[in-house]
$ cat input-v5.txt   # compact mmCIF, C-alpha atoms (C1' of nucleotides)
# COMPACT_ATOMS: atom_id res chain seq x y z
CA MET A 8 17.52 -39.31 -6.33
CA GLY A 9 20.07 -37.11 -4.61
CA HIS A 10 20.18 -38.19 -0.97
CA SER A 11 23.12 -36.72 0.91
CA GLN A 12 22.66 -34.10 3.61
CA ALA A 13 24.72 -31.73 1.46
CA ASP A 14 22.16 -32.22 -1.29
CA LYS A 15 19.40 -31.36 1.15
CA VAL A 16 21.07 -28.09 2.09
CA ALA A 17 21.50 -27.26 -1.59
CA SER A 18 17.84 -28.14 -2.29
CA HIS A 19 16.65 -25.98 0.58
CA LEU A 20 18.68 -23.02 -0.62
CA ARG A 21 17.45 -23.49 -4.19
CA ILE A 22 13.80 -23.56 -3.11
CA VAL A 23 14.18 -20.36 -1.07
CA GLU A 24 16.06 -18.60 -3.86
CA ILE A 25 13.42 -19.49 -6.44
CA ALA A 26 10.61 -18.52 -4.07
CA ALA A 27 12.30 -15.18 -3.33
CA ALA A 28 12.19 -14.37 -7.06
CA ARG A 29 8.72 -15.76 -7.76
CA LEU A 30 7.12 -14.02 -4.78
CA ARG A 31 8.34 -10.69 -6.10
CA GLU A 32 6.96 -11.50 -9.55
CA GLU A 33 3.56 -12.77 -8.44
CA GLY A 34 2.94 -11.71 -4.86
CA LEU A 35 2.98 -13.60 -1.56
CA GLU A 36 -0.03 -15.80 -2.32
CA ARG A 37 0.13 -16.87 -5.93
CA PRO A 38 3.08 -19.24 -6.54
CA ALA A 39 1.98 -22.79 -5.70
CA ILE A 40 4.23 -25.21 -3.84
CA GLY A 41 4.13 -27.64 -6.75
CA GLU A 42 5.36 -25.02 -9.20
CA LEU A 43 8.19 -23.85 -6.97
CA MET A 44 9.36 -27.43 -6.35
CA ARG A 45 9.21 -28.25 -10.06
CA GLU A 46 11.27 -25.15 -10.82
CA ALA A 47 13.77 -26.35 -8.22
CA GLY A 48 13.97 -29.73 -9.97
CA LEU A 49 12.07 -31.52 -7.18
CA THR A 50 8.58 -32.90 -6.70
CA HIS A 51 5.66 -31.56 -4.73
CA GLY A 52 5.74 -34.13 -1.93
CA GLY A 53 9.30 -33.45 -0.81
CA PHE A 54 8.40 -29.93 0.26
CA TYR A 55 7.37 -30.74 3.82
CA ARG A 56 10.74 -32.21 4.74
CA HIS A 57 12.07 -28.66 4.26
CA PHE A 58 9.27 -26.50 5.62
CA GLY A 59 6.47 -27.05 8.10
CA SER A 60 4.02 -25.14 5.93
CA ARG A 61 3.82 -22.84 2.95
CA GLY A 62 3.90 -19.86 5.33
CA GLU A 63 7.28 -20.92 6.68
CA LEU A 64 8.76 -20.82 3.19
CA VAL A 65 7.19 -17.43 2.53
CA ASP A 66 8.74 -16.05 5.73
CA GLU A 67 12.17 -17.40 4.82
CA ALA A 68 11.95 -16.29 1.19
CA MET A 69 10.86 -12.79 2.20
CA VAL A 70 13.98 -12.35 4.32
CA ARG A 71 16.03 -13.48 1.35
CA ALA A 72 14.13 -11.25 -1.12
CA LEU A 73 14.53 -8.19 1.08
CA TRP A 74 18.23 -8.82 1.44
CA ASP A 75 19.21 -9.47 -2.17
CA GLY A 76 16.80 -6.87 -3.54
CA ALA A 77 19.15 -4.25 -2.08
CA ARG A 78 22.15 -5.54 -4.06
CA ARG A 79 21.54 -3.37 -7.14
CA MET A 80 21.74 -0.26 -4.96
CA SER A 81 24.78 -1.29 -2.95
CA ASP A 82 26.55 -2.24 -6.20
CA ALA A 83 25.80 1.20 -7.62
CA VAL A 84 27.16 2.91 -4.50
CA THR A 85 30.36 0.85 -4.63
CA ALA A 86 30.88 1.62 -8.33
CA SER A 87 30.27 5.36 -7.87
CA ARG A 88 32.92 5.51 -5.14
CA LYS A 89 35.49 4.01 -7.52
CA HIS A 90 34.67 6.61 -10.17
CA GLY A 91 34.56 9.50 -7.69
CA ASP A 92 30.85 10.15 -8.39
CA ASP A 93 28.24 11.17 -5.82
CA PRO A 94 27.18 7.90 -4.14
CA PHE A 95 23.81 9.30 -2.99
CA ALA A 96 22.91 10.26 -6.56
CA ALA A 97 24.16 6.86 -7.76
CA MET A 98 21.87 5.04 -5.35
CA VAL A 99 18.84 7.15 -6.25
CA THR A 100 19.52 6.68 -9.97
CA ALA A 101 19.95 2.92 -9.61
CA TYR A 102 16.71 2.62 -7.63
CA LEU A 103 14.70 4.68 -10.11
CA SER A 104 16.17 3.08 -13.25
CA PRO A 105 13.93 1.47 -15.91
CA GLU A 106 16.02 -1.69 -15.45
CA HIS A 107 14.91 -1.90 -11.82
CA ARG A 108 11.31 -1.23 -12.84
CA GLU A 109 11.41 -4.10 -15.35
CA ASP A 110 13.33 -6.64 -13.23
CA LEU A 111 10.55 -7.69 -10.86
CA ALA A 112 12.26 -10.97 -9.89
CA GLY A 113 15.38 -9.16 -8.69
CA SER A 114 13.68 -5.99 -7.47
CA CYS A 115 13.70 -4.28 -4.10
CA ALA A 116 11.03 -6.08 -2.07
CA VAL A 117 10.32 -2.99 0.04
CA THR A 118 8.48 -1.64 -2.99
CA THR A 119 7.42 -4.82 -4.78
CA LEU A 120 5.91 -6.57 -1.75
CA GLY A 121 4.98 -3.62 0.47
CA GLY A 122 1.25 -4.12 0.04
CA ASP A 123 1.45 -7.88 0.60
CA VAL A 124 3.61 -7.51 3.71
CA ALA A 125 1.07 -5.13 5.25
CA ARG A 126 -1.32 -8.12 5.19
CA GLY A 127 1.45 -10.63 6.01
CA SER A 128 2.92 -12.41 9.03
CA GLU A 129 4.53 -10.64 11.97
CA LEU A 130 7.90 -12.20 11.09
CA THR A 131 7.64 -10.88 7.55
CA ARG A 132 6.75 -7.42 8.80
CA ALA A 133 9.70 -7.44 11.22
CA ALA A 134 12.11 -8.37 8.41
CA TYR A 135 10.57 -5.66 6.24
CA GLY A 136 11.07 -3.09 9.00
CA ASN A 137 14.71 -4.08 9.39
CA GLN A 138 15.31 -3.57 5.68
CA VAL A 139 13.65 -0.13 5.78
CA GLU A 140 15.83 0.88 8.73
CA SER A 141 18.89 -0.47 6.91
CA TYR A 142 18.12 1.60 3.81
CA LEU A 143 17.62 4.69 5.95
CA ARG A 144 21.00 4.28 7.65
CA VAL A 145 22.75 3.84 4.30
CA LEU A 146 21.09 6.97 2.93
CA GLU A 147 21.94 8.96 6.07
CA GLY A 148 25.56 7.92 5.63
CA LEU A 149 25.59 9.17 2.04
CA LEU A 150 24.07 12.61 2.70
CA ASP A 151 26.45 15.41 3.67
CA GLU A 152 23.92 17.27 5.75
CA PRO A 153 25.55 18.14 9.11
CA VAL A 154 22.45 18.37 11.36
CA PRO A 155 21.40 14.80 12.33
CA ALA A 156 17.65 15.47 12.46
CA ALA A 157 17.70 17.16 9.06
CA ARG A 158 19.82 14.32 7.67
CA ARG A 159 17.35 11.74 8.95
CA GLN A 160 14.44 13.68 7.50
CA ARG A 161 16.06 13.88 4.08
CA ALA A 162 16.85 10.15 4.16
CA VAL A 163 13.22 9.30 5.02
CA LEU A 164 11.90 11.60 2.29
CA ALA A 165 14.28 10.11 -0.29
CA LEU A 166 13.37 6.50 0.55
CA ALA A 167 9.64 7.23 0.62
CA ALA A 168 9.81 9.06 -2.72
CA MET A 169 11.79 6.23 -4.35
CA VAL A 170 9.40 3.55 -3.10
CA GLY A 171 6.32 5.54 -4.10
CA ALA A 172 7.65 6.49 -7.52
CA MET A 173 8.58 2.89 -8.35
CA THR A 174 5.25 1.54 -7.06
CA MET A 175 3.33 3.89 -9.35
CA ALA A 176 5.74 3.54 -12.29
CA ARG A 177 5.06 -0.21 -12.31
CA ALA A 178 1.28 0.03 -11.94
CA VAL A 179 0.52 2.82 -14.39
CA ALA A 180 -0.53 1.78 -17.93
CA ASP A 181 0.96 4.74 -19.82
CA PRO A 182 4.72 4.28 -20.39
CA LYS A 183 5.21 8.02 -20.73
CA LEU A 184 3.73 8.73 -17.30
CA SER A 185 5.71 5.81 -15.88
CA GLY A 186 8.97 7.28 -17.16
CA GLU A 187 8.05 10.75 -15.99
CA LEU A 188 7.46 9.56 -12.43
CA LEU A 189 10.92 8.00 -12.24
CA GLU A 190 12.71 10.93 -13.88
CA ARG A 191 11.08 13.80 -11.99
CA VAL A 192 11.59 12.15 -8.61
CA GLY A 193 15.19 11.38 -9.53
CA GLU A 194 15.76 15.02 -10.46
CA ALA A 195 14.02 16.33 -7.34
CA LEU A 196 16.11 14.14 -5.03
CA THR A 197 19.50 14.76 -6.64
CA GLU A 198 19.04 18.47 -7.31
CA GLY A 199 21.33 20.65 -5.19
CA PRO A 200 24.02 19.27 -2.88
CA SER A 201 23.47 15.86 -1.35
CA MET B 20 -36.47 -12.76 -3.31
CA GLY B 21 -36.20 -9.21 -4.62
CA HIS B 22 -36.86 -9.34 -8.35
CA SER B 23 -37.38 -5.92 -9.84
CA GLN B 24 -34.85 -4.37 -12.19
CA ALA B 25 -34.36 -1.60 -9.63
CA ASP B 26 -33.38 -4.29 -7.12
CA LYS B 27 -30.87 -5.64 -9.59
CA VAL B 28 -29.23 -2.24 -9.99
CA ALA B 29 -29.08 -1.89 -6.22
CA SER B 30 -27.61 -5.39 -5.86
CA HIS B 31 -24.96 -4.66 -8.49
CA LEU B 32 -23.95 -1.43 -6.80
CA ARG B 33 -23.81 -3.16 -3.40
CA ILE B 34 -21.57 -5.95 -4.71
CA VAL B 35 -19.14 -3.48 -6.29
CA GLU B 36 -19.08 -1.29 -3.18
CA ILE B 37 -18.32 -4.23 -0.91
CA ALA B 38 -15.70 -5.57 -3.31
CA ALA B 39 -14.01 -2.16 -3.50
CA ALA B 40 -13.55 -2.24 0.28
CA ARG B 41 -12.58 -5.91 0.58
CA LEU B 42 -10.04 -5.75 -2.25
CA ARG B 43 -8.23 -2.95 -0.43
CA GLU B 44 -8.25 -4.99 2.78
CA GLU B 45 -7.12 -8.30 1.30
CA GLY B 46 -5.67 -7.67 -2.14
CA LEU B 47 -7.00 -8.34 -5.64
CA GLU B 48 -6.95 -12.14 -5.37
CA ARG B 49 -8.11 -13.14 -1.93
CA PRO B 50 -11.81 -12.29 -1.44
CA ALA B 51 -13.93 -15.16 -2.79
CA ILE B 52 -17.09 -14.57 -4.79
CA GLY B 53 -19.13 -16.51 -2.21
CA GLU B 54 -17.96 -14.26 0.61
CA LEU B 55 -18.62 -11.04 -1.27
CA MET B 56 -22.12 -12.19 -2.27
CA ARG B 57 -22.93 -13.27 1.29
CA GLU B 58 -21.77 -9.89 2.57
CA ALA B 59 -24.07 -8.28 -0.01
CA GLY B 60 -26.98 -10.38 1.31
CA LEU B 61 -27.06 -12.58 -1.80
CA THR B 62 -26.01 -16.11 -2.68
CA HIS B 63 -23.04 -17.36 -4.63
CA GLY B 64 -24.93 -18.49 -7.73
CA GLY B 65 -26.50 -15.13 -8.53
CA PHE B 66 -23.11 -13.60 -9.19
CA TYR B 67 -22.88 -14.45 -12.89
CA ARG B 68 -26.03 -12.54 -13.79
CA HIS B 69 -24.08 -9.43 -12.76
CA PHE B 70 -20.56 -10.18 -13.99
CA GLY B 71 -19.14 -12.41 -16.70
CA SER B 72 -16.28 -13.47 -14.47
CA ARG B 73 -14.53 -12.63 -11.23
CA GLY B 74 -12.07 -10.49 -13.20
CA GLU B 75 -14.88 -8.27 -14.47
CA LEU B 76 -15.92 -7.50 -10.90
CA VAL B 77 -12.32 -6.78 -9.92
CA ASP B 78 -11.97 -4.32 -12.80
CA GLU B 79 -15.19 -2.55 -11.87
CA ALA B 80 -14.41 -2.53 -8.14
CA MET B 81 -10.91 -1.15 -8.73
CA VAL B 82 -12.32 1.85 -10.60
CA ARG B 83 -14.66 2.42 -7.68
CA ALA B 84 -11.91 1.92 -5.07
CA LEU B 85 -9.58 4.36 -6.81
CA TRP B 86 -12.32 6.93 -7.02
CA ASP B 87 -13.67 6.86 -3.46
CA GLY B 88 -10.22 6.33 -1.92
CA ALA B 89 -9.49 9.95 -2.88
CA ARG B 90 -12.46 11.28 -0.92
CA ARG B 91 -10.58 11.72 2.38
CA MET B 92 -8.11 14.01 0.65
CA SER B 93 -10.66 16.05 -1.28
CA ASP B 94 -12.70 16.46 1.93
CA ALA B 95 -9.60 17.74 3.74
CA VAL B 96 -8.88 20.25 0.98
CA THR B 97 -12.48 21.53 1.03
CA ALA B 98 -12.43 21.91 4.82
CA SER B 99 -9.08 23.72 4.81
CA ARG B 100 -10.39 26.27 2.31
CA LYS B 101 -13.30 27.09 4.63
CA HIS B 102 -10.92 27.65 7.54
CA GLY B 103 -8.40 29.62 5.47
CA ASP B 104 -5.69 26.99 6.01
CA ASP B 105 -3.12 25.90 3.44
CA PRO B 106 -4.94 23.31 1.28
CA PHE B 107 -1.69 21.64 0.11
CA ALA B 108 -0.64 21.03 3.71
CA ALA B 109 -4.16 19.82 4.52
CA MET B 110 -4.03 17.23 1.76
CA VAL B 111 -0.57 15.99 2.74
CA THR B 112 -1.59 15.76 6.39
CA ALA B 113 -4.80 13.89 5.57
CA TYR B 114 -2.93 11.43 3.36
CA LEU B 115 -0.24 10.77 5.96
CA SER B 116 -2.61 10.54 8.94
CA PRO B 117 -2.67 7.47 11.22
CA GLU B 118 -6.41 7.26 10.49
CA HIS B 119 -5.69 6.74 6.80
CA ARG B 120 -3.01 4.17 7.67
CA GLU B 121 -5.51 2.19 9.78
CA ASP B 122 -8.54 2.46 7.48
CA LEU B 123 -7.54 -0.03 4.80
CA ALA B 124 -11.09 -0.54 3.54
CA GLY B 125 -11.49 3.18 2.80
CA SER B 126 -7.88 3.90 1.88
CA CYS B 127 -6.30 5.37 -1.22
CA ALA B 128 -5.98 2.45 -3.64
CA VAL B 129 -2.98 4.01 -5.38
CA THR B 130 -0.98 2.98 -2.30
CA THR B 131 -2.95 -0.01 -1.04
CA LEU B 132 -3.23 -1.85 -4.35
CA GLY B 133 -0.19 -0.53 -6.23
CA GLY B 134 1.65 -3.84 -6.10
CA ASP B 135 -1.40 -5.85 -7.14
CA VAL B 136 -2.24 -3.52 -10.02
CA ALA B 137 1.30 -3.90 -11.40
CA ARG B 138 0.41 -7.58 -11.88
CA GLY B 139 -3.21 -6.81 -12.84
CA SER B 140 -5.33 -6.32 -15.97
CA GLU B 141 -4.73 -3.59 -18.54
CA LEU B 142 -8.08 -1.99 -17.65
CA THR B 143 -7.09 -1.87 -14.00
CA ARG B 144 -3.73 -0.30 -14.86
CA ALA B 145 -5.40 2.30 -17.06
CA ALA B 146 -7.78 3.29 -14.24
CA TYR B 147 -4.83 3.42 -11.84
CA GLY B 148 -2.93 5.72 -14.21
CA ASN B 149 -5.91 8.05 -14.49
CA GLN B 150 -6.12 8.33 -10.71
CA VAL B 151 -2.38 9.11 -10.47
CA GLU B 152 -2.72 11.81 -13.12
CA SER B 153 -5.76 13.18 -11.30
CA TYR B 154 -3.86 13.40 -8.01
CA LEU B 155 -0.97 15.15 -9.77
CA ARG B 156 -3.26 17.79 -11.27
CA VAL B 157 -4.90 18.45 -7.90
CA LEU B 158 -1.49 18.84 -6.24
CA GLU B 159 -0.23 21.13 -9.03
CA GLY B 160 -3.28 23.30 -8.50
CA LEU B 161 -2.55 23.60 -4.78
CA LEU B 162 1.12 24.55 -5.07
CA ASP B 163 1.94 28.23 -5.53
CA GLU B 164 5.11 27.63 -7.49
CA PRO B 165 5.04 29.89 -10.58
CA VAL B 166 7.24 27.86 -12.97
CA PRO B 167 5.10 25.02 -14.48
CA ALA B 168 7.94 22.49 -14.76
CA ALA B 169 9.02 23.09 -11.18
CA ARG B 170 5.39 22.87 -10.03
CA ARG B 171 4.93 19.55 -11.81
CA GLN B 172 8.16 18.22 -10.30
CA ARG B 173 7.09 19.18 -6.79
CA ALA B 174 3.68 17.56 -7.31
CA VAL B 175 5.29 14.32 -8.50
CA LEU B 176 7.73 14.31 -5.59
CA ALA B 177 4.93 14.94 -3.08
CA LEU B 178 2.69 12.17 -4.44
CA ALA B 179 5.56 9.67 -4.66
CA ALA B 180 6.68 10.46 -1.11
CA MET B 181 3.14 10.13 0.27
CA VAL B 182 2.55 6.80 -1.48
CA GLY B 183 5.94 5.42 -0.42
CA ALA B 184 5.66 6.61 3.18
CA MET B 185 2.19 5.08 3.57
CA THR B 186 3.24 1.81 1.91
CA MET B 187 6.12 1.40 4.36
CA ALA B 188 4.18 2.70 7.38
CA ARG B 189 1.63 -0.08 6.85
CA ALA B 190 4.16 -2.87 6.28
CA VAL B 191 6.67 -2.11 9.03
CA ALA B 192 6.26 -4.03 12.32
CA ASP B 193 7.57 -1.33 14.68
CA PRO B 194 4.86 1.29 15.42
CA LYS B 195 7.49 3.87 16.29
CA LEU B 196 9.17 3.57 12.89
CA SER B 197 5.76 3.57 11.23
CA GLY B 198 4.86 6.86 12.90
CA GLU B 199 8.24 8.38 12.14
CA LEU B 200 7.87 7.66 8.41
CA LEU B 201 4.54 9.49 8.24
CA GLU B 202 5.67 12.43 10.37
CA ARG B 203 9.04 13.11 8.76
CA VAL B 204 7.65 12.96 5.24
CA GLY B 205 4.78 15.22 6.30
CA GLU B 206 7.25 17.74 7.71
CA ALA B 207 9.55 17.55 4.70
CA LEU B 208 6.69 18.20 2.27
CA THR B 209 4.99 21.04 4.17
CA GLU B 210 8.16 22.82 5.29
CA GLY B 211 8.62 26.23 3.65
CA PRO B 212 6.01 27.81 1.38
CA SER B 213 3.85 25.52 -0.68
C1' DA C 22 19.28 -47.86 9.93
C1' DT C 23 18.38 -43.49 8.44
C1' DT C 24 16.53 -40.09 5.46
C1' DA C 25 15.97 -37.16 1.13
C1' DT C 26 12.93 -37.53 -2.37
C1' DC C 27 9.02 -39.52 -4.99
C1' DT C 28 4.21 -41.23 -6.04
C1' DA C 29 -0.44 -41.00 -4.88
C1' DT C 30 -4.25 -39.07 -2.66
C1' DA C 31 -7.34 -36.99 0.95
C1' DG C 32 -9.65 -32.81 2.08
C1' DA C 33 -10.56 -28.06 1.48
C1' DT C 34 -11.65 -24.21 -1.42
C1' DC C 35 -12.84 -21.67 -5.33
C1' DT C 36 -14.76 -20.45 -10.09
C1' DA C 37 -18.28 -21.26 -13.09
C1' DT C 38 -22.55 -23.57 -14.70
C1' DA C 39 -27.23 -25.91 -14.76
C1' DG C 40 -31.69 -26.03 -13.49
C1' DA C 41 -35.40 -24.57 -10.11
C1' DT C 42 -38.14 -20.83 -7.89
C1' DA C 43 -40.88 -16.90 -7.40
C1' DA C 44 -41.61 -12.12 -8.21
C1' DT C 45 -41.95 -8.51 -11.99
C1' DG C 46 -43.76 -6.24 -16.00
C1' DC C 47 -45.94 -6.41 -20.43
C1' DA D 6 -43.26 -14.47 -20.42
C1' DT D 7 -39.36 -12.76 -18.46
C1' DT D 8 -35.74 -12.57 -15.17
C1' DA D 9 -33.36 -11.81 -10.54
C1' DT D 10 -32.03 -14.87 -7.30
C1' DC D 11 -31.39 -19.49 -5.16
C1' DT D 12 -29.89 -24.46 -4.63
C1' DA D 13 -26.79 -27.86 -6.04
C1' DT D 14 -22.82 -29.43 -8.22
C1' DA D 15 -19.06 -30.23 -11.73
C1' DG D 16 -14.28 -29.38 -12.46
C1' DA D 17 -10.00 -27.33 -11.33
C1' DT D 18 -6.51 -26.24 -8.07
C1' DC D 19 -4.01 -26.15 -3.95
C1' DT D 20 -2.14 -27.55 0.81
C1' DA D 21 -0.84 -31.18 3.45
C1' DT D 22 -0.17 -36.14 4.51
C1' DA D 23 0.82 -41.26 3.98
C1' DG D 24 3.53 -44.69 2.40
C1' DA D 25 7.13 -46.34 -1.00
C1' DT D 26 11.85 -45.99 -2.94
C1' DA D 27 16.68 -45.74 -3.13
C1' DA D 28 20.87 -43.57 -1.78
C1' DT D 29 23.71 -42.19 2.38
C1' DG D 30 26.38 -42.78 6.50
C1' DC D 31 27.28 -45.18 10.74

$ encode --input "input-v5.txt" --output "structure tokens"
Amino acid sequence: MGHSQADKVASHLRIVEIAAARLREEGLERPAIGELMREAGLTHGGFYRHFGSRGELVDEAMVRALWDGARRMSDAVTASRKHGDDPFAAMVTAYLSPEHREDLAGSCAVTTLGGDVARGSELTRAAYGNQVESYLRVLEGLLDEPVPAARRQRAVLALAAMVGAMTMARAVADPKLSGELLERVGEALTEGPS
Amino acid sequence: MGHSQADKVASHLRIVEIAAARLREEGLERPAIGELMREAGLTHGGFYRHFGSRGELVDEAMVRALWDGARRMSDAVTASRKHGDDPFAAMVTAYLSPEHREDLAGSCAVTTLGGDVARGSELTRAAYGNQVESYLRVLEGLLDEPVPAARRQRAVLALAAMVGAMTMARAVADPKLSGELLERVGEALTEGPS
DNA sequence: ATTATCTATAGATCTATAGATAATGC
DNA sequence: ATTATCTATAGATCTATAGATAATGC
């Protein structure tokens, strides 16, 4: 029985981290408290010393999921800058990669949990909005379009197309169609100068 | 107690119709059989003379939801042809309208249930794929781009952008950002000749 | 003494089934 | 006689709480 306050902080973090992954795999409603606690190496009953309710964990885990779901893209941008490649194209390619499609647990929550958040708490929807705005600012920074309004429009189009393509690529039964959605949108967005 | 076989057919249809709306409002898991049956004017226990399990109803209701969620768009295309307007622009505008954003129960299930279908049954994912392919063919038919590959690419980009924009517009807390997402994507897709 | 975690359980909810009821349809 | 629907309930599952246990930290 770990008992120190340091242990409690570590337990809390572990629960949120596990929930952030499991929510993306199974949606905001499915994973049961008992399962999450077991996966964290704890028992069901201890949960309520960490969170007032299941909803509180979901809110906290959503913030975490939104944040670390963006890592794949920011990593790709960083790497492309080292190699002198186009960072906008690198971000689009990373987002639309089959690896991202397959890795639900580590995926971008803007796509994976969009539908659930629309029916979710106000706090969750605020965090979601912040992540969308953050993506848009990154994309605007990567585009070398001089007119601000046109730059913003291209950033919004790119983000919307990436989110929509990935949503459909994951839901569609036919692997060929799934691949086509990712590839064609990738081509359309990276064609011409960024 | 209605008892005729005609009544049974009507009951079945009513249950599926109600489920198709409620699933889009609350996701594939939430609505309980008892609620759906009550809304259909029936009682809980009668359910299993119509469906072998809850999953069977979900499969059937998803097919229905995907089908009648496309009506708004096909209506807009028909109307635009009467008025001599651009049918591609009419479809994009109808999809990205605030009315569509608000009307979850009657919305396009490709957007509303994309995340749930990714975790859903094979039958559901097959129906989803058919609806995506159907949308793509409609869009290809509306674009006056002569090169087939380029036409297909533009159709895929347009559908992905519409689905992604609507997903985010529904999930985001800030109404201003929500409106901007719909408007900018609408402008980007209808700018220039279709 | 305090508290992080555990064991045990109450209370709610949901799917699925069993058996009764009352029209339909041969 | 058949069957569409209803009433009632078994069985599973899940959230939240109550009280016990065993380290921590003053």

$ closest_residue --input "input-v5.txt" --among "B:Asp26, B:Asp122, B:Asp135, B:Glu54" --to "DC35 in chain C" --atoms "only C-alpha atoms (C1' of nucleotides)"
B:Glu54

$ interface_residues --input "input-v5.txt" --of "chain D" --to "chain A" --cutoff "12 Å" --atoms "all atoms listed in the file" --output "list of chain:residue names"
D:DT18, D:DC19, D:DT20, D:DA21, D:DT22, D:DA23, D:DG24, D:DT26, D:DA27, D:DA28, D:DT29, D:DG30

$ residues_near_point --input "input-v5.txt" --point "(11.8, 11.3, 6.2)" --cutoff "9 Å" --atoms "all atoms listed in the file" --output "ChimeraX atom specification"
/A:143,157-167 /B:180,184,199-207

$ closest_residue --input "input-v5.txt" --among "A:Thr119, A:Ser114, A:Ser185, A:Ser104" --to "Gly148 in chain B" --atoms "all atoms listed in the file"
A:Ser185

$ closest_residue --input "input-v5.txt" --among "A:Ile25, A:Leu49, A:Ala83, A:Ala101" --to "Leu64 in chain A" --atoms "all atoms listed in the file"
A:Ile25
